[in-house]
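S.K.: work_3.cif is reproduced below (mmCIF, C-alpha atoms).
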```cif
data_target
loop_
_atom_site.label_atom_id
_atom_site.label_comp_id
_atom_site.auth_asym_id
_atom_site.auth_seq_id
_atom_site.Cartn_x
_atom_site.Cartn_y
_atom_site.Cartn_z
CA MET A 18 -84.89 -116.91 59.69
CA GLU A 19 -85.52 -120.66 59.37
CA ASP A 20 -84.20 -122.43 56.29
CA PRO A 21 -86.77 -123.55 53.69
CA GLU A 22 -87.45 -127.29 53.30
CA LEU A 23 -85.15 -127.57 50.28
CA PHE A 24 -82.14 -126.57 52.41
CA ARG A 25 -82.99 -128.79 55.38
CA GLN A 26 -82.46 -132.17 53.70
CA GLY A 27 -80.64 -133.91 50.88
CA GLY A 28 -78.04 -132.41 48.64
CA PHE A 29 -78.83 -128.78 49.38
CA ARG A 30 -78.27 -129.35 53.08
CA LEU A 31 -74.89 -130.82 52.15
CA ALA A 32 -74.23 -127.81 49.93
CA SER A 33 -74.86 -125.43 52.80
CA ARG A 34 -72.03 -127.13 54.67
CA LEU A 35 -69.52 -127.87 51.90
CA PHE A 36 -69.99 -125.40 49.04
CA ILE A 37 -71.52 -122.25 50.50
CA GLU A 38 -69.39 -119.68 52.27
CA GLY A 39 -71.09 -117.35 54.72
CA ASP A 40 -74.75 -116.87 55.55
CA ILE A 41 -77.01 -116.91 52.48
CA ARG A 42 -80.28 -116.55 54.37
CA GLY A 43 -82.38 -113.66 53.14
CA THR A 44 -84.23 -111.04 55.12
CA GLU A 45 -87.91 -110.13 55.27
CA GLN A 46 -87.12 -106.99 53.26
CA GLN A 47 -85.41 -109.04 50.53
CA ILE A 48 -88.35 -111.43 50.39
CA LYS A 49 -90.76 -108.52 50.06
CA ARG A 50 -88.68 -107.01 47.24
CA LEU A 51 -88.46 -110.35 45.40
CA ARG A 52 -92.21 -110.85 45.64
CA GLU A 53 -92.75 -107.54 43.84
CA PHE A 54 -91.22 -109.15 40.75
CA ALA A 55 -93.92 -111.85 40.82
CA GLN A 56 -96.18 -109.17 39.31
CA ALA A 57 -93.61 -108.18 36.66
CA GLU A 58 -93.58 -109.64 33.16
CA ASP A 59 -91.53 -108.77 30.05
CA PRO A 60 -93.03 -105.67 28.37
CA LEU A 61 -90.78 -105.74 25.29
CA ALA A 62 -91.46 -109.39 24.41
CA ASP A 63 -95.12 -109.07 25.37
CA ALA A 64 -95.50 -106.14 22.97
CA VAL A 65 -94.04 -108.25 20.14
CA VAL A 66 -96.55 -111.04 20.80
CA ALA A 67 -99.43 -108.56 20.94
CA TRP A 68 -98.27 -107.18 17.57
CA MET A 69 -98.01 -110.70 16.11
CA HIS A 70 -101.67 -111.30 16.92
CA THR A 71 -102.59 -108.37 14.65
CA GLN A 72 -100.72 -109.87 11.67
CA PRO A 73 -101.82 -112.47 9.11
CA ARG A 74 -101.20 -116.07 10.16
CA ASN A 75 -97.45 -116.80 10.55
CA ALA A 76 -96.48 -113.41 9.10
CA GLY A 77 -95.35 -112.01 12.46
CA GLN A 78 -93.33 -115.14 13.19
CA ARG A 79 -91.58 -114.90 9.82
CA GLN A 80 -90.68 -111.26 10.38
CA PHE A 81 -89.38 -112.08 13.87
CA GLU A 82 -87.10 -114.76 12.37
CA GLU A 83 -85.91 -112.34 9.67
CA THR A 84 -85.07 -109.70 12.28
CA LEU A 85 -83.35 -112.31 14.43
CA ARG A 86 -81.21 -113.25 11.42
CA ASP A 87 -80.55 -109.84 9.85
CA GLY A 88 -81.12 -107.34 12.66
CA ALA A 89 -83.56 -104.44 12.81
CA ASN A 90 -83.72 -101.71 10.15
CA GLU A 91 -85.85 -98.65 9.37
CA ASN A 92 -88.67 -100.86 8.07
CA THR A 93 -88.82 -103.11 11.12
CA PRO A 94 -92.14 -102.80 13.01
CA ALA A 95 -91.77 -100.76 16.20
CA PRO A 96 -92.32 -103.61 18.73
CA LEU A 97 -89.72 -105.82 17.03
CA LYS A 98 -87.28 -102.93 16.70
CA ALA A 99 -87.60 -102.04 20.39
CA LEU A 100 -86.97 -105.64 21.44
CA PHE A 101 -83.89 -106.10 19.29
CA GLU A 102 -82.40 -102.70 20.08
CA SER A 103 -82.62 -103.71 23.74
CA VAL A 104 -81.15 -107.17 23.15
CA GLU A 105 -78.27 -105.82 21.07
CA ALA A 106 -77.29 -103.26 23.74
CA THR A 107 -74.93 -105.74 25.38
CA PRO A 108 -74.36 -104.95 29.09
CA PHE A 109 -70.96 -103.64 30.11
CA TRP A 110 -70.33 -106.65 32.36
CA VAL A 111 -70.43 -109.24 29.57
CA ASP A 112 -66.97 -110.75 29.04
CA GLU A 113 -66.61 -112.90 25.90
CA GLN A 114 -63.61 -114.75 27.28
CA ARG A 115 -65.54 -115.69 30.40
CA LEU A 116 -68.50 -116.82 28.28
CA ARG A 117 -66.19 -119.15 26.36
CA SER A 118 -64.46 -120.37 29.53
CA GLY A 119 -67.80 -121.14 31.19
CA ALA A 120 -69.06 -122.95 28.10
CA LYS A 121 -65.89 -125.08 27.92
CA ALA A 122 -66.27 -126.06 31.59
CA ILE A 123 -69.86 -127.17 30.87
CA LEU A 124 -68.78 -128.89 27.65
CA ARG A 125 -66.33 -131.00 29.64
CA THR A 126 -69.20 -132.68 31.51
CA GLY A 127 -70.49 -134.17 28.27
CA LEU A 128 -73.66 -136.24 28.57
CA LEU A 129 -73.22 -136.42 32.34
CA GLY A 130 -74.30 -132.79 32.40
CA LEU A 131 -77.76 -133.81 31.15
CA PHE A 132 -78.53 -135.71 34.37
CA PRO A 133 -78.77 -132.58 36.55
CA LEU A 134 -80.88 -130.98 33.80
CA GLY A 135 -83.71 -133.50 34.16
CA ASP A 136 -83.24 -134.96 37.62
CA MET A 137 -82.40 -131.79 39.54
CA SER A 138 -83.35 -128.73 37.47
CA LEU A 139 -86.66 -129.86 35.92
CA MET A 140 -87.74 -132.12 38.77
CA GLY A 141 -86.72 -129.51 41.33
CA GLY A 142 -88.56 -126.85 39.38
CA TYR A 143 -91.80 -128.80 39.76
CA LEU A 144 -91.66 -128.02 43.48
CA ALA A 145 -92.49 -124.40 42.58
CA SER A 146 -96.24 -124.85 42.33
CA ARG A 147 -97.08 -121.35 41.09
CA ALA A 148 -94.66 -121.78 38.19
CA THR A 149 -96.19 -125.15 37.28
CA LYS A 150 -99.59 -123.59 36.61
CA ALA A 151 -98.51 -122.26 33.21
CA LEU A 152 -96.89 -125.62 32.38
CA VAL A 153 -100.07 -127.48 33.21
CA GLY A 154 -102.16 -124.84 31.47
CA THR A 155 -100.47 -125.41 28.11
CA GLY A 156 -101.07 -129.16 28.44
CA GLU A 157 -98.02 -130.06 26.37
CA ILE A 158 -95.56 -130.37 29.25
CA GLU A 159 -97.64 -133.24 30.65
CA HIS A 160 -98.92 -134.93 27.50
CA LYS A 161 -95.75 -134.46 25.43
CA ALA A 162 -93.24 -134.67 28.26
CA THR A 163 -90.64 -136.69 26.34
CA LYS A 164 -90.49 -134.33 23.39
CA ARG A 165 -90.39 -131.26 25.60
CA LEU A 166 -87.59 -132.83 27.66
CA VAL A 167 -85.42 -133.46 24.59
CA GLU A 168 -86.17 -129.97 23.23
CA THR A 169 -85.08 -128.50 26.54
CA ALA A 170 -81.89 -130.57 26.36
CA ALA A 171 -81.25 -129.39 22.79
CA TRP A 172 -81.81 -125.75 23.83
CA TRP A 173 -79.48 -126.17 26.80
CA ILE A 174 -76.76 -127.59 24.53
CA ASP A 175 -77.26 -124.70 22.08
CA VAL A 176 -76.70 -121.98 24.67
CA THR A 177 -73.79 -123.74 26.41
CA THR A 178 -71.67 -124.45 23.32
CA PRO A 179 -68.49 -122.31 23.19
CA GLY A 180 -68.97 -119.30 20.91
CA SER A 181 -72.71 -119.85 20.54
CA LEU A 182 -73.76 -116.69 22.41
CA ALA A 183 -72.18 -114.33 19.89
CA LYS A 184 -74.74 -112.25 18.00
CA GLY A 185 -76.43 -114.33 15.32
CA GLU A 186 -75.08 -117.65 16.57
CA LYS A 187 -77.29 -120.57 17.52
CA GLY A 188 -77.28 -120.11 21.29
CA TYR A 189 -77.93 -116.37 21.02
CA SER A 190 -80.91 -117.00 18.75
CA SER A 191 -82.22 -119.84 20.93
CA ALA A 192 -82.18 -117.65 24.06
CA ILE A 193 -84.21 -114.94 22.33
CA ARG A 194 -86.64 -117.44 20.81
CA ILE A 195 -87.38 -118.99 24.20
CA ARG A 196 -88.02 -115.47 25.51
CA LEU A 197 -90.73 -115.14 22.88
CA VAL A 198 -92.13 -118.58 23.77
CA HIS A 199 -92.50 -117.35 27.35
CA ALA A 200 -94.34 -114.26 26.09
CA HIS A 201 -96.72 -116.40 23.99
CA VAL A 202 -97.47 -118.64 26.98
CA ARG A 203 -97.94 -115.57 29.19
CA ALA A 204 -100.43 -114.08 26.70
CA ALA A 205 -102.31 -117.38 26.49
CA MET A 206 -102.58 -117.68 30.27
CA ASN A 207 -103.66 -114.03 30.59
CA ARG A 208 -106.53 -114.79 28.19
CA ARG A 209 -107.88 -117.54 30.45
CA ASP A 210 -110.89 -116.83 32.61
CA ASP A 211 -109.71 -119.27 35.27
CA TRP A 212 -106.23 -117.84 35.91
CA ASP A 213 -106.01 -117.14 39.65
CA TYR A 214 -103.78 -114.07 39.92
CA ALA A 215 -104.11 -113.90 43.70
CA ALA A 216 -102.88 -117.46 44.21
CA TRP A 217 -100.57 -117.91 41.20
CA ASP A 218 -99.22 -114.37 40.52
CA LYS A 219 -98.71 -113.16 36.95
CA PRO A 220 -98.02 -116.06 34.56
CA VAL A 221 -94.37 -116.71 33.64
CA ASN A 222 -93.33 -113.74 35.73
CA GLN A 223 -89.85 -112.42 36.51
CA VAL A 224 -89.50 -114.50 39.69
CA GLN A 225 -90.27 -117.69 37.79
CA THR A 226 -87.88 -116.99 34.91
CA THR A 227 -85.18 -116.21 37.49
CA GLY A 228 -85.88 -119.57 39.11
CA THR A 229 -85.51 -121.32 35.76
CA LEU A 230 -82.20 -119.55 35.21
CA LEU A 231 -80.84 -120.68 38.59
CA LEU A 232 -81.95 -124.27 38.01
CA PHE A 233 -79.96 -124.34 34.77
CA SER A 234 -76.92 -122.55 36.20
CA LEU A 235 -76.27 -122.87 39.93
CA VAL A 236 -78.13 -126.16 40.36
CA PHE A 237 -76.28 -127.56 37.33
CA VAL A 238 -72.90 -126.67 38.86
CA PHE A 239 -73.87 -128.00 42.25
CA GLY A 240 -75.50 -131.11 40.77
CA THR A 241 -72.52 -132.07 38.64
CA GLN A 242 -70.28 -131.56 41.67
CA LEU A 243 -72.43 -134.06 43.58
CA LEU A 244 -71.91 -136.47 40.68
CA GLY A 245 -68.14 -136.12 41.04
CA VAL A 246 -67.25 -133.33 38.59
CA ARG A 247 -64.57 -130.92 39.79
CA TYR A 248 -64.37 -127.23 38.86
CA SER A 249 -61.97 -124.51 39.78
CA GLN A 250 -63.43 -121.46 41.49
CA LYS A 251 -62.91 -119.50 38.26
CA GLU A 252 -64.75 -122.12 36.20
CA ARG A 253 -67.76 -122.00 38.53
CA ALA A 254 -67.79 -118.21 38.34
CA ASP A 255 -67.53 -118.28 34.54
CA ILE A 256 -70.41 -120.77 34.23
CA LEU A 257 -72.60 -118.43 36.27
CA HIS A 258 -71.39 -115.49 34.16
CA LEU A 259 -72.51 -117.32 31.02
CA TRP A 260 -75.97 -117.91 32.47
CA ARG A 261 -76.19 -114.33 33.70
CA TYR A 262 -75.91 -113.25 30.07
CA VAL A 263 -78.36 -115.93 28.90
CA GLY A 264 -80.79 -114.64 31.51
CA TRP A 265 -80.33 -111.10 30.24
CA LEU A 266 -81.06 -112.24 26.66
CA MET A 267 -84.16 -114.04 27.98
CA GLY A 268 -85.49 -110.83 29.48
CA VAL A 269 -84.77 -111.38 33.17
CA ASP A 270 -84.64 -108.06 35.01
CA GLU A 271 -81.02 -107.09 35.64
CA GLU A 272 -81.70 -106.59 39.36
CA LEU A 273 -82.47 -110.31 39.61
CA LEU A 274 -79.39 -111.58 37.76
CA PRO A 275 -76.82 -112.94 40.26
CA ALA A 276 -73.40 -111.36 39.77
CA ASN A 277 -71.50 -114.12 41.59
CA GLU A 278 -71.88 -117.46 43.34
CA GLU A 279 -72.89 -116.01 46.69
CA ASP A 280 -75.60 -113.93 45.00
CA ALA A 281 -76.85 -117.04 43.24
CA TRP A 282 -77.08 -119.11 46.43
CA ARG A 283 -78.91 -116.31 48.25
CA MET A 284 -81.37 -115.94 45.38
CA LEU A 285 -81.98 -119.69 45.35
CA TRP A 286 -82.58 -119.59 49.12
CA LEU A 287 -85.12 -116.78 48.67
CA LEU A 288 -86.85 -118.70 45.87
CA ALA A 289 -86.92 -121.87 47.95
CA LYS A 290 -88.46 -119.90 50.80
CA THR A 291 -91.19 -118.28 48.72
CA GLU A 292 -91.73 -120.39 45.58
CA PHE A 293 -90.82 -124.03 46.20
CA ILE A 294 -94.16 -125.03 47.69
CA PRO A 295 -95.37 -128.17 45.85
CA ASP A 296 -98.98 -129.20 45.22
CA GLU A 297 -100.90 -131.83 43.24
CA ASP A 298 -99.80 -130.35 39.90
CA SER A 299 -96.20 -130.87 41.04
CA LYS A 300 -96.96 -134.58 41.38
CA ARG A 301 -98.58 -134.72 37.94
CA LEU A 302 -95.57 -133.19 36.27
CA ALA A 303 -93.16 -135.42 38.22
CA ARG A 304 -95.06 -138.48 37.01
CA ALA A 305 -94.93 -137.22 33.43
CA LEU A 306 -91.17 -136.71 33.67
CA LEU A 307 -90.66 -140.23 35.05
CA LYS A 308 -92.76 -141.62 32.19
CA SER A 309 -90.47 -139.85 29.74
CA HIS A 310 -87.52 -141.69 31.31
CA GLU A 311 -89.46 -144.94 31.17
CA ALA A 312 -90.07 -144.47 27.45
CA ILE A 313 -86.43 -145.32 26.71
CA GLY A 314 -87.29 -149.02 26.73
CA GLU A 315 -90.44 -148.92 24.61
CA GLY A 316 -90.55 -151.46 21.77
CA ARG A 317 -87.49 -153.39 22.96
CA GLY A 318 -89.16 -156.42 24.51
CA PHE A 319 -88.00 -157.80 27.85
CA ALA A 320 -84.65 -156.00 27.64
CA GLY A 321 -86.55 -152.77 27.11
CA LYS A 322 -88.64 -153.35 30.23
CA VAL A 323 -85.46 -153.85 32.26
CA LEU A 324 -83.94 -150.71 30.72
CA SER A 325 -87.08 -148.69 31.54
CA HIS A 326 -87.03 -149.93 35.14
CA VAL A 327 -83.36 -149.06 35.57
CA ALA A 328 -83.79 -145.64 33.95
CA VAL A 329 -86.61 -144.66 36.28
CA ARG A 330 -84.72 -145.90 39.35
CA VAL A 331 -81.49 -144.12 38.40
CA HIS A 332 -83.14 -140.78 37.60
CA SER A 333 -85.39 -140.99 40.68
CA SER A 334 -82.42 -141.79 42.90
CA ILE A 335 -80.50 -138.75 41.71
CA SER A 336 -83.56 -136.58 42.36
CA ARG A 337 -84.05 -138.06 45.83
CA LEU A 338 -80.43 -137.55 46.82
CA VAL A 339 -80.59 -133.89 45.84
CA LEU A 340 -84.13 -132.83 46.76
CA GLY A 341 -84.31 -134.69 50.07
CA LYS A 342 -86.73 -137.28 51.46
CA VAL A 343 -89.67 -134.96 52.23
CA ASN A 344 -89.76 -133.37 48.78
CA ALA A 345 -89.09 -136.66 46.98
CA ASP A 346 -91.81 -138.47 48.93
CA PHE A 347 -94.28 -135.68 48.15
CA LEU A 348 -93.46 -136.00 44.43
CA GLU A 349 -93.94 -139.78 44.82
CA LEU A 350 -90.50 -140.62 43.43
CA PRO A 351 -89.52 -144.30 43.77
CA ASN A 352 -87.22 -144.97 46.70
CA ASP A 353 -84.51 -147.48 45.78
CA PRO A 354 -81.64 -147.57 48.32
CA ILE A 355 -79.57 -149.88 46.10
CA ALA A 356 -79.77 -147.49 43.14
CA GLN A 357 -78.93 -144.57 45.43
CA ALA A 358 -75.87 -146.42 46.76
CA LEU A 359 -74.74 -147.10 43.19
CA ILE A 360 -75.14 -143.42 42.30
CA VAL A 361 -72.99 -142.41 45.29
CA THR A 362 -70.36 -145.01 44.34
CA ALA A 363 -70.30 -143.83 40.73
CA ALA A 364 -69.92 -140.23 41.92
CA GLY A 365 -66.92 -141.25 44.02
CA LEU A 366 -65.27 -142.98 41.08
CA ASN A 367 -65.97 -139.97 38.88
CA PHE A 368 -64.43 -137.67 41.50
CA ALA A 369 -61.27 -139.80 41.49
CA GLY A 370 -61.11 -139.62 37.70
CA GLU A 371 -61.63 -135.86 37.79
CA THR A 372 -58.78 -135.51 40.29
CA LEU A 373 -56.48 -137.31 37.88
CA ARG A 374 -57.70 -135.09 35.03
CA GLN A 375 -56.60 -132.01 36.95
CA LEU A 376 -53.13 -133.48 37.46
CA ILE A 377 -52.44 -134.83 33.95
CA PRO A 378 -51.31 -132.26 31.32
CA GLY A 379 -53.67 -132.15 28.34
CA ALA A 380 -56.37 -134.24 30.03
CA THR A 381 -58.76 -131.32 30.42
CA LEU A 382 -58.57 -130.49 26.70
CA LEU A 383 -59.12 -134.16 25.85
CA GLN A 384 -62.15 -134.28 28.14
CA GLU A 385 -63.60 -131.19 26.44
CA ARG A 386 -63.28 -132.88 23.04
CA ILE A 387 -64.87 -136.07 24.35
CA GLY A 388 -67.69 -134.04 25.86
CA GLN A 389 -68.23 -132.14 22.62
CA ALA A 390 -68.31 -135.37 20.58
CA GLY A 391 -70.81 -136.92 22.99
CA ARG A 392 -73.11 -133.90 22.86
CA GLU A 393 -72.98 -133.71 19.06
CA ALA A 394 -73.80 -137.41 18.77
CA TYR A 395 -76.67 -136.96 21.21
CA LEU A 396 -78.09 -134.05 19.19
CA ARG A 397 -77.89 -136.08 15.98
CA GLN A 398 -79.83 -138.87 17.67
CA LEU A 399 -82.43 -136.41 18.97
CA GLU A 400 -82.92 -134.97 15.49
CA LYS A 401 -83.27 -138.47 14.04
CA VAL A 402 -85.79 -139.77 16.59
CA PHE A 403 -87.73 -136.71 17.76
CA ALA A 404 -87.11 -134.00 15.13
CA PRO A 405 -87.18 -131.24 17.76
CA ASP A 406 -88.48 -127.85 16.64
CA THR A 407 -85.51 -125.56 17.30
CA THR A 408 -87.48 -122.46 16.23
CA TYR A 409 -90.18 -123.29 18.85
CA ALA A 410 -92.78 -122.07 16.34
CA GLN A 411 -95.05 -125.01 17.20
CA HIS A 412 -95.09 -124.00 20.87
CA MET A 413 -95.78 -120.38 19.97
CA ARG A 414 -98.74 -121.43 17.80
CA ALA A 415 -99.98 -123.83 20.48
CA ALA A 416 -99.88 -121.07 23.07
#
```
Would you mind writing the file's structure down as structure tokens?
M.R.:
Amino acid sequence: MEDPELFRQGGFRLASRLFIEGDIRGTEQQIKRLREFAQAEDPLADAVVAWMHTQPRNAGQRQFEETLRDGANENTPAPLKALFESVEATPFWVDEQRLRSGAKAILRTGLLGLFPLGDMSLMGGYLASRATKALVGTGEIEHKATKRLVETAAWWIDVTTPGSLAKGEKGYSSAIRIRLVHAHVRAAMNRRDDWDYAAWDKPVNQVQTTGTLLLFSLVFVFGTQLLGVRYSQKERADILHLWRYVGWLMGVDEELLPANEEDAWRMLWLLAKTEFIPDEDSKRLARALLKSHEAIGEGRGFAGKVLSHVAVRVHSSISRLVLGKVNADFLELPNDPIAQALIVTAAGLNFAGETLRQLIPGATLLQERIGQAGREAYLRQLEKVFAPDTTYAQHMRAA
């Protein structure tokens, strides 16, 4: 079977030669099975949202937060109790040591790890036109792109901090909250008269949440490797293990959760074959994301204009190098060969530094501490400038 466009150019074509062992191409039967999940939603979370709509304003949200904090009891409403009993039945394959190991490997990338988040994961996700319909439908992803970008970054940091996926910790709670956000958006889209189920499938369906999971996990690993970061085979496996559990907390069907790196690459290939088909909404969202990068220079005079120009060129160049010319041209991303050459040079220098890190005793631990300090400083700045809503209650009400 012919490779999808995503794997014929750019970074993913390079990945198929350097990072992928064996043949990851799917079969017609696998494609057919995957497409069945495009009609599957999240019954447990959807039932909670339906129950919330029967409660006085904000009362359901408050009880959800109380159950998230204290756990379910005999007085917990049935939909909430069913959701949390499911969430708390931790799968047998979850390994706490591997969760911590994967988080520490991510932590080591520091702020560099945020570049794949926006330039590869989010921008790449906009190629999946059916998934973009819910994003466009809410309106906020386009008109409040900057705030949504920083909230996504804050959520990503929450779930990838060592120890944060233990029951009751920040990452654990954030993963479950975003599951409920998805259910609210799904309910809002299902109420629309203009939702085209034949063309767009069920809103925020299982295929789309699986795609989001892979963009944050596999594409992150691959993207940081392109930027010069080095991982051991065990570290890569542990990062994917961490995201497998995050996906489970978010309500992704266990059949769709990749168990290893080969599974993840094959699932991404299947998604690229069936979902990554961009349209005009893909362009709209790409423009909104670029404007959010441009906003970094607002109110800073001439120096700010230069900073905005550089930011757009750098982020666009990373996206172009990964997504390939055809996809990048369709998304109308600026093409700056000089910026692209600088990105490649910086990646080479970073690779050299990473090689030294692996050879010097104690350097890995030091890099983890530097990465942690950088992420904490970044979160403090986000809270100061944007005041992100970490409960996502605003998005639930908006939906």
S.K.: Which protein, DNA or RNA residues are at most 9 Å from (-86.9, -117.3, 41.9) in the file's coordinates when you count only C-alpha atoms, listed as a VMD selection string?
M.R.: chain A and resid 51 55 223 to 231 273 284 to 289 291 to 293
S.K.: Which neighbours of Val329 of chain A fall inside 10 Å, counting only C-alpha atoms, when residues of the same chain fewer than 4 positions from it are skipped, and could you give them as a list in words?
M.R.: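 Surrounding residues, per the criterion: Leu306, Leu307, Lys308, Ser309, His310, Glu311, Ala312, Ile313, Leu324, Ser325, Ser333, Ser334, Leu350 and Pro351 of chain A.
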S.K.: Once 5 Å is added on each side, what centre and edge lengths in Å to one decimal does the axis-aligned box around all listed atoms of segment 264-279 of chain A have, as lines of an AutoDock Vina configuration file?
M.R.:
```
center_x = -78.5
center_y = -112.0
center_z = 36.7
size_x = 24.0
size_y = 20.9
size_z = 30.0
```
S.K.: Which one is closest to Met137 of chain A: A:Thr372, A:Asn75, A:Ser336, A:Gln384? Count all atoms listed in the file.
M.R.: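 Checking each candidate against Met137 of chain A, we get A:Ser336 as the closest.
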S.K.: Evaluate the PyMOL selection byres ((chain A and resi 77) around 12) against this structure - the residues, as JSON, numbers by chain, please.
M.R.: {"A": [65, 66, 67, 68, 69, 70, 71, 72, 73, 74, 75, 76, 78, 79, 80, 81, 82, 83, 84, 93, 94, 96, 97, 197, 410, 413, 414]}
